[in-house]
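Text of the file upload.cif, holding mmCIF, C-alpha atoms:
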data_run
loop_
_atom_site.label_atom_id
_atom_site.label_comp_id
_atom_site.auth_asym_id
_atom_site.auth_seq_id
_atom_site.Cartn_x
_atom_site.Cartn_y
_atom_site.Cartn_z
CA MET G 1 85.78 25.38 83.84
CA ARG G 2 87.10 26.95 80.67
CA THR G 3 84.44 26.53 77.99
CA ALA G 4 84.61 27.15 74.26
CA VAL G 5 81.69 27.76 71.93
CA VAL G 6 82.49 26.81 68.35
CA GLN G 7 80.71 28.65 65.56
CA LEU G 8 80.84 27.11 62.10
CA GLU G 9 78.95 26.83 58.84
CA ALA G 10 78.35 23.11 58.38
CA SER G 11 78.05 21.68 54.90
CA THR G 12 76.29 18.55 53.67
CA ASP G 13 79.68 16.80 53.41
CA VAL G 14 80.40 14.93 56.65
CA ASP G 15 84.13 14.59 55.93
CA VAL G 16 84.52 18.33 55.33
CA ASN G 17 82.69 19.04 58.57
CA LEU G 18 84.89 16.59 60.49
CA GLU G 19 88.00 18.32 59.22
CA ALA G 20 86.68 21.70 60.39
CA ILE G 21 85.65 20.25 63.76
CA GLY G 22 89.14 18.83 64.24
CA HIS G 23 90.75 22.23 63.65
CA HIS G 24 88.35 23.97 66.04
CA LEU G 25 88.88 21.39 68.79
CA GLU G 26 92.64 21.64 68.47
CA ASP G 27 92.54 25.44 68.63
CA ALA G 28 90.09 25.53 71.56
CA ALA G 29 92.15 22.98 73.49
CA GLY G 30 95.23 25.11 72.84
CA ALA G 31 93.38 28.00 74.48
CA GLY G 32 92.84 25.87 77.58
CA ALA G 33 89.23 24.79 76.99
CA GLN G 34 88.01 21.79 78.96
CA LEU G 35 84.52 21.76 77.43
CA VAL G 36 83.90 22.48 73.74
CA VAL G 37 80.33 22.97 72.50
CA LEU G 38 79.66 22.64 68.77
CA PRO G 39 76.44 23.65 66.98
CA GLU G 40 73.35 21.65 66.14
CA ALA G 41 73.72 19.62 62.91
CA SER G 42 77.52 19.92 62.90
CA MET G 43 77.74 16.45 61.37
CA HIS G 44 75.62 17.38 58.35
CA ASP G 45 73.68 20.58 57.72
CA PHE G 46 69.91 20.52 57.29
CA GLY G 47 70.39 21.60 53.69
CA ALA G 48 67.43 22.46 51.48
CA PRO G 49 63.97 21.94 53.03
CA ASP G 50 63.30 19.01 50.67
CA LEU G 51 66.62 17.22 51.33
CA PRO G 52 65.94 13.79 52.92
CA LEU G 53 67.93 13.37 56.14
CA GLY G 54 67.25 9.67 56.69
CA PRO G 55 69.96 8.53 54.26
CA VAL G 56 72.68 10.59 55.98
CA ALA G 57 71.78 9.66 59.57
CA GLN G 58 74.18 7.52 61.58
CA PRO G 59 73.99 5.50 64.80
CA LEU G 60 75.71 6.75 67.95
CA ASP G 61 78.47 4.22 67.37
CA GLY G 62 78.83 5.20 63.70
CA PRO G 63 81.84 6.70 61.94
CA PHE G 64 81.02 10.34 62.73
CA VAL G 65 80.78 9.91 66.50
CA VAL G 66 83.80 7.57 66.52
CA SER G 67 85.81 10.20 64.61
CA VAL G 68 84.75 13.03 66.93
CA GLY G 69 85.65 10.79 69.87
CA GLU G 70 89.14 10.36 68.47
CA LEU G 71 89.44 14.12 68.03
CA ALA G 72 88.19 14.72 71.60
CA ARG G 73 90.70 12.22 72.96
CA LYS G 74 93.53 13.78 70.97
CA ALA G 75 92.60 17.28 72.16
CA GLY G 76 91.86 16.17 75.73
CA VAL G 77 88.49 17.91 75.90
CA THR G 78 84.84 17.05 76.53
CA VAL G 79 82.75 17.69 73.41
CA VAL G 80 79.05 18.33 72.80
CA VAL G 81 78.16 17.99 69.10
CA GLY G 82 74.97 17.92 67.04
CA MET G 83 74.18 15.10 64.60
CA PHE G 84 71.35 13.21 62.89
CA GLU G 85 70.89 9.83 64.59
CA ARG G 86 69.05 6.89 63.07
CA SER G 87 65.63 6.25 64.57
CA GLU G 88 62.94 3.60 64.27
CA ASP G 89 61.66 5.55 61.24
CA PRO G 90 64.31 5.28 58.50
CA ALA G 91 63.04 8.44 56.82
CA ARG G 92 62.95 10.61 59.95
CA PRO G 93 66.03 10.40 62.20
CA TYR G 94 66.53 12.08 65.55
CA ASN G 95 68.17 15.48 65.90
CA THR G 96 70.67 14.42 68.56
CA LEU G 97 73.36 15.91 70.77
CA ALA G 98 76.20 13.52 71.55
CA VAL G 99 78.44 14.16 74.55
CA LEU G 100 81.92 12.68 74.33
CA GLY G 101 84.32 12.62 77.25
CA ARG G 102 88.03 13.33 77.23
CA ASP G 103 88.64 9.63 76.64
CA GLY G 104 86.57 9.81 73.45
CA ASP G 105 83.72 7.65 74.75
CA VAL G 106 80.06 8.64 74.49
CA VAL G 107 78.93 9.92 77.89
CA HIS G 108 75.32 10.72 77.04
CA ARG G 109 72.98 11.81 74.29
CA TYR G 110 69.92 14.04 74.01
CA ARG G 111 67.33 13.70 71.25
CA LYS G 112 65.69 17.04 70.49
CA ALA G 113 62.15 17.07 71.85
CA HIS G 114 60.77 20.29 70.35
CA LEU G 115 61.03 20.24 66.56
CA TYR G 116 61.08 23.56 64.73
CA ASP G 117 57.58 23.69 63.22
CA SER G 118 57.47 27.45 63.25
CA PHE G 119 58.04 30.55 61.13
CA GLY G 120 56.92 28.66 58.02
CA TYR G 121 59.33 25.74 58.54
CA ARG G 122 58.47 22.11 59.43
CA GLU G 123 61.36 20.21 60.98
CA SER G 124 58.99 17.36 61.84
CA ASP G 125 58.55 16.55 58.16
CA ARG G 126 62.13 15.25 58.09
CA LEU G 127 62.98 14.41 61.71
CA SER G 128 61.50 12.50 64.64
CA ALA G 129 61.04 14.14 68.03
CA GLY G 130 62.66 12.51 71.02
CA PRO G 131 60.71 12.16 74.26
CA PHE G 132 61.20 15.05 76.63
CA GLU G 133 63.57 13.64 79.20
CA PRO G 134 65.79 16.12 81.06
CA VAL G 135 69.34 14.99 80.25
CA VAL G 136 72.02 16.20 82.65
CA VAL G 137 75.71 15.37 82.58
CA PRO G 138 77.99 15.88 85.62
CA MET G 139 81.30 17.52 84.74
CA GLY G 140 83.58 18.35 87.62
CA GLU G 141 82.01 21.05 89.82
CA PHE G 142 79.23 21.58 87.27
CA THR G 143 76.24 19.74 85.84
CA LEU G 144 75.45 20.30 82.17
CA GLY G 145 71.83 20.39 81.01
CA LEU G 146 71.28 19.59 77.33
CA MET G 147 68.87 21.39 75.05
CA THR G 148 68.79 22.09 71.31
CA CYS G 149 67.87 25.26 69.43
CA TYR G 150 64.03 25.53 69.43
CA ASP G 151 63.99 24.07 72.97
CA LEU G 152 65.27 27.48 74.05
CA ARG G 153 61.82 28.97 73.40
CA PHE G 154 60.26 26.73 76.06
CA PRO G 155 61.20 27.94 79.56
CA GLU G 156 59.90 24.72 81.11
CA VAL G 157 62.69 22.80 79.37
CA ALA G 158 65.38 24.89 81.06
CA ARG G 159 63.59 24.74 84.41
CA ALA G 160 63.23 20.94 84.22
CA LEU G 161 66.98 20.67 83.62
CA VAL G 162 67.74 22.99 86.52
CA ASP G 163 65.42 20.97 88.76
CA GLU G 164 67.58 17.95 87.87
CA GLY G 165 70.66 19.83 89.04
CA ALA G 166 71.91 21.57 85.91
CA ASP G 167 73.81 24.80 86.49
CA VAL G 168 75.14 25.12 82.93
CA LEU G 169 72.59 24.98 80.11
CA VAL G 170 74.20 23.88 76.85
CA ALA G 171 72.24 24.91 73.75
CA PRO G 172 73.76 23.90 70.40
CA SER G 173 71.71 25.55 67.68
CA ALA G 174 71.20 26.31 64.02
CA TRP G 175 69.05 29.41 64.57
CA VAL G 176 67.51 30.30 61.22
CA ARG G 177 67.74 33.89 60.02
CA GLY G 178 64.61 36.00 59.68
CA PRO G 179 62.99 39.22 60.91
CA LEU G 180 63.93 39.79 64.58
CA LYS G 181 65.35 36.25 64.83
CA GLU G 182 68.80 37.43 65.92
CA ASP G 183 67.20 39.46 68.69
CA HIS G 184 65.09 36.47 69.76
CA TRP G 185 68.22 34.30 70.01
CA THR G 186 70.24 36.71 72.12
CA THR G 187 67.25 37.62 74.30
CA LEU G 188 66.32 34.01 75.01
CA LEU G 189 69.89 33.04 75.90
CA ARG G 190 69.94 35.85 78.47
CA ALA G 191 66.43 35.13 79.74
CA ARG G 192 67.15 31.44 80.39
CA ALA G 193 70.30 32.47 82.28
CA ILE G 194 68.61 35.15 84.39
CA GLU G 195 65.47 33.22 85.37
CA ASN G 196 67.45 30.10 86.33
CA THR G 197 70.61 31.78 87.69
CA VAL G 198 72.78 29.53 85.53
CA TYR G 199 75.36 29.82 82.78
CA VAL G 200 73.99 29.35 79.27
CA VAL G 201 76.29 28.22 76.47
CA GLY G 202 74.78 28.86 73.03
CA ALA G 203 76.85 27.51 70.12
CA GLY G 204 75.29 28.37 66.78
CA GLN G 205 75.80 27.78 63.11
CA THR G 206 76.56 30.79 60.96
CA GLY G 207 76.50 31.63 57.23
CA LYS G 208 73.71 32.64 54.90
CA THR G 209 71.06 30.53 56.63
CA TYR G 210 71.81 31.04 60.34
CA VAL G 211 72.32 34.00 62.66
CA GLY G 212 75.59 32.99 64.33
CA ARG G 213 75.95 35.12 67.48
CA SER G 214 77.23 32.27 69.65
CA ALA G 215 77.66 33.30 73.27
CA VAL G 216 78.30 32.27 76.84
CA VAL G 217 75.97 34.11 79.24
CA ASP G 218 76.56 34.25 82.98
CA PRO G 219 73.91 33.77 85.73
CA MET G 220 73.19 37.50 85.80
CA GLY G 221 72.44 37.48 82.08
CA VAL G 222 75.70 39.13 81.03
CA PRO G 223 77.41 37.75 77.88
CA VAL G 224 80.95 36.90 78.98
CA ALA G 225 81.97 35.62 75.55
CA SER G 226 80.28 36.33 72.24
CA MET G 227 80.74 36.15 68.51
CA GLY G 228 79.35 37.85 65.44
CA ALA G 229 78.98 36.05 62.11
CA GLU G 230 82.53 34.74 61.83
CA GLN G 231 83.57 31.10 62.00
CA GLY G 232 85.82 30.19 64.92
CA TYR G 233 85.40 29.92 68.64
CA ALA G 234 85.11 32.01 71.80
CA VAL G 235 86.23 31.06 75.30
CA ALA G 236 84.84 31.86 78.75
CA ASP G 237 85.70 30.73 82.26
CA LEU G 238 82.72 29.37 84.21
CA ARG G 239 82.93 29.70 88.01
CA SER G 240 80.77 27.66 90.36
CA SER G 241 81.49 30.21 93.10
CA TYR G 242 79.85 32.89 90.96
CA ILE G 243 76.69 30.82 90.56
CA ALA G 244 76.51 30.51 94.35
CA GLU G 245 77.12 34.25 94.76
CA VAL G 246 74.35 35.15 92.32
CA ARG G 247 71.94 32.74 93.99
CA ARG G 248 72.59 34.32 97.38
CA SER G 249 71.71 37.78 96.08
CA ASN G 250 68.92 36.59 93.75
CA PRO G 251 67.39 33.47 95.34
CA SER G 252 64.56 33.21 92.83
CA LEU G 253 64.78 29.42 92.65
CA ALA G 254 64.50 29.13 96.42
CA ASN G 255 61.61 31.62 96.48
CA ARG G 256 59.39 29.68 94.09
CA ARG G 257 55.87 28.85 95.35
CA LEU G 258 54.46 25.89 93.44
#

What do you get writing this file as structure tokens?
Amino acid sequence: MRTAVVQLEASTDVDVNLEAIGHHLEDAAGAGAQLVVLPEASMHDFGAPDLPLGPVAQPLDGPFVVSVGELARKAGVTVVVGMFERSEDPARPYNTLAVLGRDGDVVHRYRKAHLYDSFGYRESDRLSAGPFEPVVVPMGEFTLGLMTCYDLRFPEVARALVDEGADVLVAPSAWVRGPLKEDHWTTLLRARAIENTVYVVGAGQTGKTYVGRSAVVDPMGVPVASMGAEQGYAVADLRSSYIAEVRRSNPSLANRRL
């Protein structure tokens, strides 16, 4: 399955972001991508820490998701994209991943369970946490497992997804810059791949606030596609036969004693 990670710097203008998303989807589809993973908060950036996110949130059937669905249908690709989804609390929406199929319809959604209350930041002041429910999405020979940014720091999230059958962990992110943060991001992507013998697809925001460094990591922990700080996309071919090969030589999942 040819997979593209899109790396962009989202603004607080939804229309501007949609235009950029459309260009990236068209380009990635032209490169043969079947799955395109966009970053967390691609619909609308987090903005300043005191910017209310409730007023910009949309429902899953709102104009942003409908527009991305049209773009996915036009490009003929499956899309994973980050957005702010209205919740029961008007002031604190969900940080949601929407999965749209090649026909443009919503296939599934995941509401971020672990909010980034760390390194002096409090995501929970502006957003509601979703319940932790492992969300997996079958796609051809593969099963995608959905996680968002800070979830990557919790190995039990990845393992719960793998126990539900995921062999590709999809991690859209807006990984905030800071001392050693870039190293944490790249290390955790590789760790989740190695310990679960799965592919990990990390699509990150870039710019002044975020580290970028989007990557696709294979089940041995080797980055097979990676980016620096630039906007654009990178493509990698995921092979189910390689997952099986790695699991024969490194059967750590089978060797677990619980």

Skipping near chain neighbours, those fewer than 3 positions away, what residues fall within 9 Å of Pro39 in chain G using all atoms listed in the file, listed as a PyMOL selection string? chain G and resi 5-8+10+42+80-82+148+171-174+202-205

Residues near Val135 in chain G, cut-off 12 Å, only C-alpha atoms, skip fewer than 6 positions along chain, as a list in words: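 Counting only C-alpha atoms, the residues come to Thr96, Leu97, Ala98, Val99, Val107, His108, Arg109, Tyr110, Arg111, Lys112, Ala113, Thr143, Leu144, Gly145, Leu146, Met147, Thr148, Val157, Ala158, Ala160, Leu161, Val162, Asp163, Glu164, Gly165, Ala166, Val168, Leu169 and Val170 of chain G.
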
Here is a test: counting all atoms listed in the file, which residue of G:Met139, G:Ile243, G:Met83, G:Leu35 is nearest to Gly54 in chain G?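 Selected residue with least distance to Gly54 in chain G: G:Met83.
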
Which of these, G:Ala129, G:Ala229, G:Ala244, G:Ile21, has the shortest distance to Glu70 in chain G once you count all atoms listed in the file?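 Closest to Glu70 in chain G, using all atoms listed in the file: G:Ile21.
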
Quick one, how far is CA of Ala91 in chain G from CA of Leu127 in chain G?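 Calculated distance between CA of Ala91 in chain G and CA of Leu127 in chain G is 7.7 Å.
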
Considering only C-alpha atoms, state which residue in the set G:Val65, G:Ala4, G:Ala20, G:Ala191 is at the smallest distance from Met220 in chain G. G:Ala191

Give as JSON, numbers by chain the residues that the PyMOL selection byres ((chain G and resi 34) around 8) matches when applied to the coordinates above. {"G": [1, 2, 3, 4, 29, 32, 33, 35, 36, 76, 77, 78]}

CA of Arg102 in chain G to CA of Arg73 in chain G, distance in Å rounded to a single decimal: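 Going from CA of Arg102 in chain G over to CA of Arg73 in chain G, I get 5.2 Å.
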
Just to confirm, what's the straight-line distance from CA of Pro49 in chain G to CA of Ser118 in chain G in Å (one decimal)? 13.3 Å

For each of G:Glu141, G:Glu156, G:Asp167, G:Asp151, take the minimum atom-to-atom distance to Glu40 in chain G, counting all atoms listed in the file, then give the residue where this is smallest.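 Once distances to Glu40 in chain G are computed over all atoms listed in the file, the minimum belongs to G:Asp151.
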
Just so the selection is clear, what residues does the PyMOL selection byres ((chain G and resi 193) around 9) cover here, as number ranges by chain? G: 168-169, 188-192, 194-200, 217-222

Using the chain letters and residue numbers of this document, give as a PyMOL selection string the residues selected by the PyMOL selection byres ((chain G and resi 23) around 12). chain G and resi 6+8+16-22+24-30+68+71-72+74-75+231-233

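In this comparison, which uses all atoms listed in the file, the residue of G:Asn95, G:Arg248, G:Val56, G:Gly104 approaching Pro131 in chain G most closely is G:Asn95.
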
Can you tell me, as a PyMOL selection string, which residues sit within 7 Å of (77.6, 20.3, 58.8) in the file's frame, using all atoms listed in the file? chain G and resi 9-14+17+41-45

Store the residues picked out above in a file with C-alpha atoms, as a PDB file, in the coordinates of the input.
ATOM      1  CA  GLU G   9      78.950  26.830  58.840  1.00  0.00           C
ATOM      2  CA  ALA G  10      78.350  23.110  58.380  1.00  0.00           C
ATOM      3  CA  SER G  11      78.050  21.680  54.900  1.00  0.00           C
ATOM      4  CA  THR G  12      76.290  18.550  53.670  1.00  0.00           C
ATOM      5  CA  ASP G  13      79.680  16.800  53.410  1.00  0.00           C
ATOM      6  CA  VAL G  14      80.400  14.930  56.650  1.00  0.00           C
ATOM      7  CA  ASN G  17      82.690  19.040  58.570  1.00  0.00           C
ATOM      8  CA  ALA G  41      73.720  19.620  62.910  1.00  0.00           C
ATOM      9  CA  SER G  42      77.520  19.920  62.900  1.00  0.00           C
ATOM     10  CA  MET G  43      77.740  16.450  61.370  1.00  0.00           C
ATOM     11  CA  HIS G  44      75.620  17.380  58.350  1.00  0.00           C
ATOM     12  CA  ASP G  45      73.680  20.580  57.720  1.00  0.00           C
TER      13      ASP G  45
END

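The residue that comes closest to Asp237 in chain G, out of G:Leu38, G:Val211, G:Val106, G:Val216 and on the basis of all atoms listed in the file, is G:Val216.
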
Give as a PyMOL selection string the set of residues within 10 Å of the point (56.3, 14.0, 54.6), where distances use the file's coordinates and all atoms listed in the file. chain G and resi 50+52+91-92+122+124-127

Quick one: residues within 7 Å of Tyr150 in chain G, all atoms listed in the file counted, chain neighbours fewer than 2 positions away excluded, as a list in words? His114, Leu115, Tyr116, Thr148, Leu152 and Arg153 of chain G

Can I get range 72-99 of chain G with N, CA and C atoms filled in, as an mmCIF file, in the frame of the given file?
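In the end it all went to selection.cif:
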data_model
loop_
_atom_site.group_PDB
_atom_site.id
_atom_site.type_symbol
_atom_site.label_atom_id
_atom_site.label_comp_id
_atom_site.auth_asym_id
_atom_site.auth_seq_id
_atom_site.Cartn_x
_atom_site.Cartn_y
_atom_site.Cartn_z
ATOM 1 N N ALA G 72 88.314 14.288 70.204
ATOM 2 C CA ALA G 72 88.190 14.720 71.600
ATOM 3 C C ALA G 72 89.327 14.140 72.434
ATOM 4 N N ARG G 73 89.630 12.881 72.217
ATOM 5 C CA ARG G 73 90.700 12.220 72.960
ATOM 6 C C ARG G 73 92.056 12.876 72.645
ATOM 7 N N LYS G 74 92.276 13.150 71.385
ATOM 8 C CA LYS G 74 93.530 13.780 70.970
ATOM 9 C C LYS G 74 93.680 15.166 71.583
ATOM 10 N N ALA G 75 92.569 15.918 71.623
ATOM 11 C CA ALA G 75 92.600 17.280 72.160
ATOM 12 C C ALA G 75 92.517 17.309 73.681
ATOM 13 N N GLY G 76 92.004 16.222 74.280
ATOM 14 C CA GLY G 76 91.860 16.170 75.730
ATOM 15 C C GLY G 76 90.740 17.033 76.258
ATOM 16 N N VAL G 77 89.612 17.067 75.512
ATOM 17 C CA VAL G 77 88.490 17.910 75.900
ATOM 18 C C VAL G 77 87.201 17.097 75.885
ATOM 19 N N THR G 78 86.200 17.576 76.622
ATOM 20 C CA THR G 78 84.840 17.050 76.530
ATOM 21 C C THR G 78 84.122 17.807 75.421
ATOM 22 N N VAL G 79 83.370 17.092 74.594
ATOM 23 C CA VAL G 79 82.750 17.690 73.410
ATOM 24 C C VAL G 79 81.242 17.434 73.421
ATOM 25 N N VAL G 80 80.474 18.466 73.090
ATOM 26 C CA VAL G 80 79.050 18.330 72.800
ATOM 27 C C VAL G 80 78.868 18.680 71.326
ATOM 28 N N VAL G 81 78.264 17.773 70.551
ATOM 29 C CA VAL G 81 78.160 17.990 69.100
ATOM 30 C C VAL G 81 76.806 17.527 68.602
ATOM 31 N N GLY G 82 76.264 18.254 67.612
ATOM 32 C CA GLY G 82 74.970 17.920 67.040
ATOM 33 C C GLY G 82 75.089 17.026 65.817
ATOM 34 N N MET G 83 74.158 16.064 65.708
ATOM 35 C CA MET G 83 74.180 15.100 64.600
ATOM 36 C C MET G 83 72.765 14.634 64.299
ATOM 37 N N PHE G 84 72.598 13.899 63.196
ATOM 38 C CA PHE G 84 71.350 13.210 62.890
ATOM 39 C C PHE G 84 71.553 11.736 63.180
ATOM 40 N N GLU G 85 70.749 11.207 64.120
ATOM 41 C CA GLU G 85 70.890 9.830 64.590
ATOM 42 C C GLU G 85 69.744 8.974 64.056
ATOM 43 N N ARG G 86 70.076 7.805 63.583
ATOM 44 C CA ARG G 86 69.050 6.890 63.070
ATOM 45 C C ARG G 86 67.987 6.608 64.129
ATOM 46 N N SER G 87 66.751 6.539 63.675
ATOM 47 C CA SER G 87 65.630 6.250 64.570
ATOM 48 C C SER G 87 64.891 5.026 64.057
ATOM 49 N N GLU G 88 63.770 4.710 64.696
ATOM 50 C CA GLU G 88 62.940 3.600 64.270
ATOM 51 C C GLU G 88 62.296 3.865 62.911
ATOM 52 N N ASP G 89 62.202 5.144 62.533
ATOM 53 C CA ASP G 89 61.660 5.550 61.240
ATOM 54 C C ASP G 89 62.831 5.876 60.318
ATOM 55 N N PRO G 90 63.130 5.050 59.339
ATOM 56 C CA PRO G 90 64.310 5.280 58.500
ATOM 57 C C PRO G 90 64.309 6.620 57.781
ATOM 58 N N ALA G 91 63.126 7.185 57.566
ATOM 59 C CA ALA G 91 63.040 8.440 56.820
ATOM 60 C C ALA G 91 63.170 9.661 57.731
ATOM 61 N N ARG G 92 62.979 9.474 59.038
ATOM 62 C CA ARG G 92 62.950 10.610 59.950
ATOM 63 C C ARG G 92 63.835 10.330 61.170
ATOM 64 N N PRO G 93 65.111 10.664 61.087
ATOM 65 C CA PRO G 93 66.030 10.400 62.200
ATOM 66 C C PRO G 93 65.806 11.384 63.342
ATOM 67 N N TYR G 94 66.526 11.151 64.433
ATOM 68 C CA TYR G 94 66.530 12.080 65.550
ATOM 69 C C TYR G 94 67.539 13.196 65.310
ATOM 70 N N ASN G 95 67.227 14.358 65.839
ATOM 71 C CA ASN G 95 68.170 15.480 65.900
ATOM 72 C C ASN G 95 68.843 15.379 67.273
ATOM 73 N N THR G 96 70.058 14.885 67.312
ATOM 74 C CA THR G 96 70.670 14.420 68.560
ATOM 75 C C THR G 96 71.919 15.219 68.922
ATOM 76 N N LEU G 97 72.091 15.422 70.228
ATOM 77 C CA LEU G 97 73.360 15.910 70.770
ATOM 78 C C LEU G 97 74.097 14.709 71.354
ATOM 79 N N ALA G 98 75.350 14.550 70.966
ATOM 80 C CA ALA G 98 76.200 13.520 71.550
ATOM 81 C C ALA G 98 77.230 14.204 72.434
ATOM 82 N N VAL G 99 77.425 13.647 73.621
ATOM 83 C CA VAL G 99 78.440 14.160 74.550
ATOM 84 C C VAL G 99 79.555 13.126 74.630
#
